[in-house]
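As stored in structure_13.csv (CSV, N, CA and C atoms):
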chain,number,residue,atom,x,y,z
S,211,MET,N,-2.0,-14.5,-19.1
S,211,MET,CA,-2.5,-14.1,-17.8
S,211,MET,C,-2.2,-12.7,-17.6
S,212,LEU,N,-1.0,-12.2,-17.9
S,212,LEU,CA,-0.7,-10.8,-17.7
S,212,LEU,C,-1.5,-9.9,-18.5
S,213,LYS,N,-1.9,-10.3,-19.7
S,213,LYS,CA,-2.8,-9.5,-20.6
S,213,LYS,C,-4.2,-9.3,-20.0
S,214,GLY,N,-4.7,-10.4,-19.3
S,214,GLY,CA,-5.9,-10.3,-18.6
S,214,GLY,C,-5.9,-9.4,-17.4
S,215,LEU,N,-4.8,-9.4,-16.6
S,215,LEU,CA,-4.6,-8.5,-15.5
S,215,LEU,C,-4.5,-7.1,-15.9
S,216,LYS,N,-3.8,-6.9,-17.1
S,216,LYS,CA,-3.7,-5.5,-17.6
S,216,LYS,C,-5.1,-5.0,-18.0
S,217,ALA,N,-5.9,-5.8,-18.6
S,217,ALA,CA,-7.2,-5.4,-19.0
S,217,ALA,C,-8.1,-5.0,-17.8
S,218,LEU,N,-7.9,-5.7,-16.7
S,218,LEU,CA,-8.7,-5.4,-15.5
S,218,LEU,C,-8.3,-4.0,-15.0
S,219,PHE,N,-7.1,-3.6,-15.0
S,219,PHE,CA,-6.7,-2.3,-14.5
S,219,PHE,C,-7.0,-1.2,-15.5
S,220,THR,N,-6.9,-1.5,-16.8
S,220,THR,CA,-7.1,-0.4,-17.8
S,220,THR,C,-8.6,-0.2,-18.0
S,221,SER,N,-9.5,-1.2,-17.8
S,221,SER,CA,-10.9,-1.0,-17.9
S,221,SER,C,-11.5,-0.3,-16.7
S,222,GLY,N,-10.8,-0.4,-15.6
S,222,GLY,CA,-11.3,0.3,-14.3
S,222,GLY,C,-12.2,-0.5,-13.5
S,223,ILE,N,-12.5,-1.8,-13.9
S,223,ILE,CA,-13.5,-2.6,-13.1
S,223,ILE,C,-12.9,-3.0,-11.8
S,224,ILE,N,-11.6,-3.1,-11.7
S,224,ILE,CA,-11.0,-3.5,-10.4
S,224,ILE,C,-11.1,-2.4,-9.4
S,225,PHE,N,-11.4,-1.1,-9.8
S,225,PHE,CA,-11.5,0.0,-8.9
S,225,PHE,C,-12.9,0.3,-8.4
S,226,ARG,N,-13.9,-0.5,-8.9
S,226,ARG,CA,-15.2,-0.3,-8.4
S,226,ARG,C,-15.2,-0.7,-6.9
S,227,PRO,N,-15.9,0.0,-6.1
S,227,PRO,CA,-15.9,-0.3,-4.6
S,227,PRO,C,-16.3,-1.7,-4.2
S,228,MET,N,-17.3,-2.3,-4.8
S,228,MET,CA,-17.7,-3.6,-4.5
S,228,MET,C,-16.7,-4.7,-5.0
S,229,VAL,N,-16.1,-4.5,-6.1
S,229,VAL,CA,-15.1,-5.4,-6.6
S,229,VAL,C,-13.9,-5.3,-5.8
S,230,PHE,N,-13.4,-4.1,-5.5
S,230,PHE,CA,-12.2,-3.9,-4.7
S,230,PHE,C,-12.4,-4.5,-3.3
S,231,SER,N,-13.6,-4.3,-2.7
S,231,SER,CA,-13.9,-4.9,-1.4
S,231,SER,C,-13.9,-6.4,-1.4
S,232,GLY,N,-14.4,-7.0,-2.5
S,232,GLY,CA,-14.4,-8.4,-2.7
S,232,GLY,C,-13.0,-9.0,-2.8
S,233,ILE,N,-12.2,-8.3,-3.5
S,233,ILE,CA,-10.8,-8.7,-3.6
S,233,ILE,C,-10.1,-8.7,-2.3
S,234,ILE,N,-10.3,-7.6,-1.5
S,234,ILE,CA,-9.7,-7.5,-0.2
S,234,ILE,C,-10.2,-8.6,0.7
S,235,ILE,N,-11.5,-8.9,0.7
S,235,ILE,CA,-12.1,-10.0,1.5
S,235,ILE,C,-11.5,-11.3,1.1
S,236,GLY,N,-11.4,-11.6,-0.2
S,236,GLY,CA,-10.8,-12.8,-0.7
S,236,GLY,C,-9.4,-13.0,-0.3
S,237,PHE,N,-8.6,-11.9,-0.3
S,237,PHE,CA,-7.2,-11.9,0.1
S,237,PHE,C,-7.1,-12.2,1.6
S,238,LEU,N,-8.0,-11.6,2.4
S,238,LEU,CA,-7.9,-11.8,3.9
S,238,LEU,C,-8.4,-13.2,4.2
S,239,LEU,N,-9.4,-13.7,3.5
S,239,LEU,CA,-9.8,-15.1,3.7
S,239,LEU,C,-8.7,-16.1,3.4
S,240,SER,N,-8.0,-15.9,2.3
S,240,SER,CA,-6.9,-16.8,1.9
S,240,SER,C,-5.7,-16.6,2.8
S,241,ALA,N,-5.5,-15.5,3.4
S,241,ALA,CA,-4.4,-15.3,4.3
S,241,ALA,C,-4.6,-15.9,5.7
S,242,PHE,N,-5.8,-16.0,6.1
S,242,PHE,CA,-6.1,-16.5,7.5
S,242,PHE,C,-6.7,-17.9,7.5
S,243,LEU,N,-7.3,-18.3,6.4
S,243,LEU,CA,-8.0,-19.6,6.3
S,243,LEU,C,-7.4,-20.5,5.2
S,244,ASP,N,-7.4,-21.8,5.4
S,244,ASP,CA,-7.1,-22.6,4.2
S,244,ASP,C,-8.3,-23.1,3.6
S,245,MET,N,-8.2,-24.0,2.6
S,245,MET,CA,-9.4,-24.4,1.8
S,245,MET,C,-10.4,-25.2,2.6
S,246,GLN,N,-9.9,-26.0,3.5
S,246,GLN,CA,-10.8,-26.8,4.3
S,246,GLN,C,-11.6,-26.0,5.3
S,247,GLU,N,-11.1,-24.9,5.8
S,247,GLU,CA,-11.8,-24.0,6.7
S,247,GLU,C,-12.7,-23.0,6.0
S,248,ALA,N,-12.4,-22.6,4.7
S,248,ALA,CA,-13.1,-21.6,4.0
S,248,ALA,C,-14.4,-22.2,3.4
S,249,PHE,N,-14.4,-23.4,2.9
S,249,PHE,CA,-15.5,-23.9,2.2
S,249,PHE,C,-16.8,-24.0,3.1
S,250,PRO,N,-16.7,-24.4,4.3
S,250,PRO,CA,-17.9,-24.3,5.2
S,250,PRO,C,-18.4,-22.9,5.4
S,251,LEU,N,-17.4,-21.9,5.3
S,251,LEU,CA,-17.8,-20.5,5.5
S,251,LEU,C,-18.6,-20.1,4.2
S,252,PHE,N,-18.3,-20.6,3.1
S,252,PHE,CA,-19.0,-20.3,1.8
S,252,PHE,C,-20.4,-21.0,1.8
S,253,ALA,N,-20.5,-22.0,2.6
S,253,ALA,CA,-21.8,-22.7,2.6
S,253,ALA,C,-22.7,-22.1,3.7
S,254,ASP,N,-22.2,-21.2,4.5
S,254,ASP,CA,-23.0,-20.6,5.6
S,254,ASP,C,-23.9,-19.5,5.2
S,255,VAL,N,-25.1,-19.5,5.6
S,255,VAL,CA,-26.1,-18.4,5.2
S,255,VAL,C,-25.7,-17.1,5.8
S,256,SER,N,-25.1,-17.0,6.9
S,256,SER,CA,-24.8,-15.8,7.6
S,256,SER,C,-23.7,-15.0,6.8
S,257,PHE,N,-22.8,-15.7,6.1
S,257,PHE,CA,-21.8,-15.1,5.3
S,257,PHE,C,-22.5,-14.3,4.1
S,258,TYR,N,-23.5,-14.9,3.5
S,258,TYR,CA,-24.2,-14.3,2.4
S,258,TYR,C,-25.1,-13.1,2.9
S,259,LEU,N,-25.6,-13.3,4.1
S,259,LEU,CA,-26.4,-12.2,4.7
S,259,LEU,C,-25.5,-11.0,5.0
S,260,LEU,N,-24.3,-11.2,5.5
S,260,LEU,CA,-23.4,-10.2,5.8
S,260,LEU,C,-23.0,-9.5,4.5
S,261,ALA,N,-22.8,-10.2,3.4
S,261,ALA,CA,-22.5,-9.6,2.1
S,261,ALA,C,-23.7,-8.8,1.6
S,262,ALA,N,-24.9,-9.3,1.8
S,262,ALA,CA,-26.1,-8.6,1.3
S,262,ALA,C,-26.3,-7.3,2.1
S,263,ALA,N,-26.0,-7.4,3.4
S,263,ALA,CA,-26.1,-6.2,4.2
S,263,ALA,C,-25.0,-5.1,3.8
S,264,LEU,N,-23.8,-5.6,3.5
S,264,LEU,CA,-22.8,-4.7,3.0
S,264,LEU,C,-23.1,-4.0,1.7
S,265,SER,N,-23.6,-4.8,0.8
S,265,SER,CA,-23.9,-4.3,-0.6
S,265,SER,C,-25.2,-3.4,-0.5
S,266,GLY,N,-26.1,-3.8,0.4
S,266,GLY,CA,-27.4,-3.0,0.6
S,266,GLY,C,-27.1,-1.6,1.2
S,267,LEU,N,-26.2,-1.6,2.2
S,267,LEU,CA,-25.8,-0.3,2.7
S,267,LEU,C,-25.0,0.6,1.7
S,268,TYR,N,-24.2,-0.1,1.0
S,268,TYR,CA,-23.5,0.7,-0.1
S,268,TYR,C,-24.4,1.3,-1.1
S,269,THR,N,-25.4,0.5,-1.5
S,269,THR,CA,-26.4,0.9,-2.5
S,269,THR,C,-27.3,2.0,-2.0
S,270,LEU,N,-27.7,1.9,-0.7
S,270,LEU,CA,-28.6,2.8,-0.1
S,270,LEU,C,-27.9,4.2,0.1
S,271,PHE,N,-26.6,4.2,0.5
S,271,PHE,CA,-26.0,5.5,0.9
S,271,PHE,C,-25.1,6.1,-0.3
S,272,PHE,N,-24.5,5.2,-1.1
S,272,PHE,CA,-23.6,5.8,-2.1
S,272,PHE,C,-23.9,5.5,-3.5
S,273,ASN,N,-24.9,4.7,-3.8
S,273,ASN,CA,-25.2,4.3,-5.2
S,273,ASN,C,-26.7,4.5,-5.5
S,274,GLN,N,-27.2,5.6,-5.1
S,274,GLN,CA,-28.6,5.9,-5.2
S,274,GLN,C,-29.0,6.2,-6.7
S,275,VAL,N,-30.2,5.8,-7.1
S,275,VAL,CA,-30.7,6.1,-8.4
S,275,VAL,C,-32.0,6.9,-8.2
S,276,TYR,N,-32.1,8.0,-8.9
S,276,TYR,CA,-33.3,8.9,-8.7
S,276,TYR,C,-34.2,8.8,-10.0
S,277,LYS,N,-35.4,9.2,-9.8
S,277,LYS,CA,-36.4,9.1,-10.9
S,277,LYS,C,-36.1,10.3,-11.8
S,278,ASP,N,-37.0,10.6,-12.7
S,278,ASP,CA,-36.8,11.5,-13.8
S,278,ASP,C,-36.0,12.8,-13.5
S,279,TYR,N,-36.5,13.6,-12.6
S,279,TYR,CA,-35.9,14.9,-12.3
S,279,TYR,C,-35.1,15.0,-11.0
S,280,GLY,N,-34.9,13.9,-10.4
S,280,GLY,CA,-34.1,13.8,-9.2
S,280,GLY,C,-34.8,14.2,-7.9
S,281,HIS,N,-36.1,14.1,-7.9
S,281,HIS,CA,-36.9,14.5,-6.7
S,281,HIS,C,-37.2,13.3,-5.8
S,282,GLU,N,-37.2,12.1,-6.4
S,282,GLU,CA,-37.6,10.9,-5.6
S,282,GLU,C,-36.6,9.8,-6.0
S,283,ILE,N,-36.4,8.9,-5.0
S,283,ILE,CA,-35.5,7.8,-5.2
S,283,ILE,C,-36.3,6.7,-5.9
S,284,ASP,N,-35.6,6.1,-6.9
S,284,ASP,CA,-36.3,5.0,-7.7
S,284,ASP,C,-35.8,3.7,-7.0
S,285,TYR,N,-36.7,3.1,-6.2
S,285,TYR,CA,-36.4,2.0,-5.4
S,285,TYR,C,-36.3,0.7,-6.3
S,286,SER,N,-37.0,0.6,-7.3
S,286,SER,CA,-36.9,-0.6,-8.2
S,286,SER,C,-35.6,-0.6,-8.9
S,287,ALA,N,-35.1,0.5,-9.4
S,287,ALA,CA,-33.8,0.6,-10.0
S,287,ALA,C,-32.7,0.3,-9.0
S,288,MET,N,-32.9,0.8,-7.7
S,288,MET,CA,-31.9,0.5,-6.7
S,288,MET,C,-31.9,-0.9,-6.3
S,289,GLY,N,-33.0,-1.6,-6.4
S,289,GLY,CA,-33.0,-3.0,-6.2
S,289,GLY,C,-32.2,-3.8,-7.2
S,290,GLY,N,-32.2,-3.3,-8.5
S,290,GLY,CA,-31.3,-3.9,-9.5
S,290,GLY,C,-29.9,-3.6,-9.2
S,291,LYS,N,-29.6,-2.4,-8.7
S,291,LYS,CA,-28.2,-2.0,-8.4
S,291,LYS,C,-27.8,-2.9,-7.2
S,292,PHE,N,-28.7,-3.1,-6.2
S,292,PHE,CA,-28.3,-4.0,-5.1
S,292,PHE,C,-27.9,-5.4,-5.5
S,293,VAL,N,-28.7,-6.0,-6.4
S,293,VAL,CA,-28.4,-7.3,-6.9
S,293,VAL,C,-27.0,-7.3,-7.6
S,294,GLY,N,-26.8,-6.3,-8.5
S,294,GLY,CA,-25.6,-6.2,-9.2
S,294,GLY,C,-24.4,-6.0,-8.3
S,295,ASN,N,-24.5,-5.2,-7.2
S,295,ASN,CA,-23.5,-5.0,-6.3
S,295,ASN,C,-23.2,-6.2,-5.5
S,296,LEU,N,-24.2,-7.0,-5.1
S,296,LEU,CA,-24.1,-8.2,-4.4
S,296,LEU,C,-23.3,-9.2,-5.2
S,297,LEU,N,-23.7,-9.4,-6.5
S,297,LEU,CA,-23.0,-10.3,-7.3
S,297,LEU,C,-21.6,-9.9,-7.5
S,298,GLN,N,-21.3,-8.6,-7.7
S,298,GLN,CA,-19.9,-8.2,-7.8
S,298,GLN,C,-19.1,-8.5,-6.6
S,299,LEU,N,-19.7,-8.2,-5.4
S,299,LEU,CA,-19.0,-8.5,-4.2
S,299,LEU,C,-18.7,-10.0,-4.0
S,300,MET,N,-19.7,-10.8,-4.2
S,300,MET,CA,-19.5,-12.3,-4.0
S,300,MET,C,-18.6,-12.9,-5.0
S,301,LEU,N,-18.8,-12.6,-6.3
S,301,LEU,CA,-18.0,-13.2,-7.3
S,301,LEU,C,-16.5,-12.8,-7.2
S,302,SER,N,-16.3,-11.5,-6.9
S,302,SER,CA,-14.9,-11.1,-6.8
S,302,SER,C,-14.3,-11.6,-5.5
S,303,GLY,N,-15.0,-11.8,-4.4
S,303,GLY,CA,-14.5,-12.4,-3.2
S,303,GLY,C,-14.1,-13.8,-3.4
S,304,VAL,N,-15.0,-14.6,-3.9
S,304,VAL,CA,-14.8,-16.0,-4.1
S,304,VAL,C,-13.7,-16.3,-5.1
S,305,LEU,N,-13.7,-15.6,-6.3
S,305,LEU,CA,-12.7,-15.8,-7.3
S,305,LEU,C,-11.3,-15.3,-6.8
S,306,SER,N,-11.3,-14.2,-6.1
S,306,SER,CA,-10.0,-13.8,-5.6
S,306,SER,C,-9.4,-14.7,-4.5
S,307,PHE,N,-10.3,-15.3,-3.7
S,307,PHE,CA,-9.9,-16.3,-2.7
S,307,PHE,C,-9.3,-17.5,-3.5
S,308,VAL,N,-9.9,-18.0,-4.5
S,308,VAL,CA,-9.4,-19.1,-5.2
S,308,VAL,C,-8.1,-18.8,-5.9
S,309,PHE,N,-8.0,-17.6,-6.5
S,309,PHE,CA,-6.8,-17.1,-7.2
S,309,PHE,C,-5.6,-17.0,-6.2
S,310,PHE,N,-5.8,-16.5,-5.0
S,310,PHE,CA,-4.7,-16.4,-4.1
S,310,PHE,C,-4.4,-17.8,-3.5
S,311,GLU,N,-5.3,-18.7,-3.4
S,311,GLU,CA,-5.0,-20.0,-2.9
S,311,GLU,C,-4.2,-20.8,-4.0
S,312,VAL,N,-4.5,-20.6,-5.3
S,312,VAL,CA,-3.7,-21.2,-6.3
S,312,VAL,C,-2.3,-20.6,-6.4
S,313,LEU,N,-2.2,-19.3,-6.1
S,313,LEU,CA,-0.8,-18.7,-6.1
S,313,LEU,C,0.0,-19.2,-4.9
S,314,ILE,N,-0.6,-19.4,-3.8
S,314,ILE,CA,0.1,-19.9,-2.6
S,314,ILE,C,0.5,-21.4,-2.8
S,315,PHE,N,-0.4,-22.2,-3.4
S,315,PHE,CA,-0.2,-23.6,-3.6
S,315,PHE,C,1.0,-23.8,-4.5
Could you spell out this file's structure in structure tokens?
Amino acid sequence: MLKGLKALFTSGIIFRPMVFSGIIIGFLLSAFLDMQEAFPLFADVSFYLLAAALSGLYTLFFNQVYKDYGHEIDYSAMGGKFVGNLLQLMLSGVLSFVFFEVLIF
């Protein structure tokens, strides 16, 4: 387990903004909610819409992709970045919530 945590820090994936935000969200959820209160939250559509809005704003303002010579924004590539950022945020949030709940239990 310690070898895996060391790999997360040395690879730098834990310092990506969406992964780090998901870890913070998972920690806050596990600090203020228990398992019975959190699972209905994960089944709610508004939770995922909020995550999509957060990752969309991050992609639009901080993670832009430009076409060949940097004159125009490549919206199709940004759509792929948006989906990747959303998956990073949601997976890191849910998995860190479960990780912290297992540590507390």
Fill in the blank from the handout: S:Tyr268 proximity check over S:Phe292, S:Ala248, S:Phe307, S:Leu212, using all atoms listed in the file: winner is S:Phe292
Problem - Selection: 8 Å around S:Ala287, all atoms listed in the file, excl. self and same-chain fewer than 6 positions, as number ranges by chain - result: S: 274-276, 293
Exercise for the section: For atom CA of S:Ala253 and atom CA of S:Lys291, determine how far apart the two atoms are, in Å to one decimal place. Expected result: 24.3 Å
Practice task
From chain S, collect each residue whose DSSP state is helix (DSSP H, G or I) and return the set as number ranges by chain.
Solution key: S: 212-221, 223-225, 227-242, 245-252, 255-272, 285-314
Exercise for the section: Tell me which protein, DNA and RNA residues are within 8 Å of S:Leu264, counting only N, CA and C atoms, leaving out same-chain ones fewer than 6 positions away, and put them as a list in words. Expected result: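 Using only N, CA and C atoms, the neighbours found are Tyr258, Leu270, Asn295 and Leu296 of chain S.
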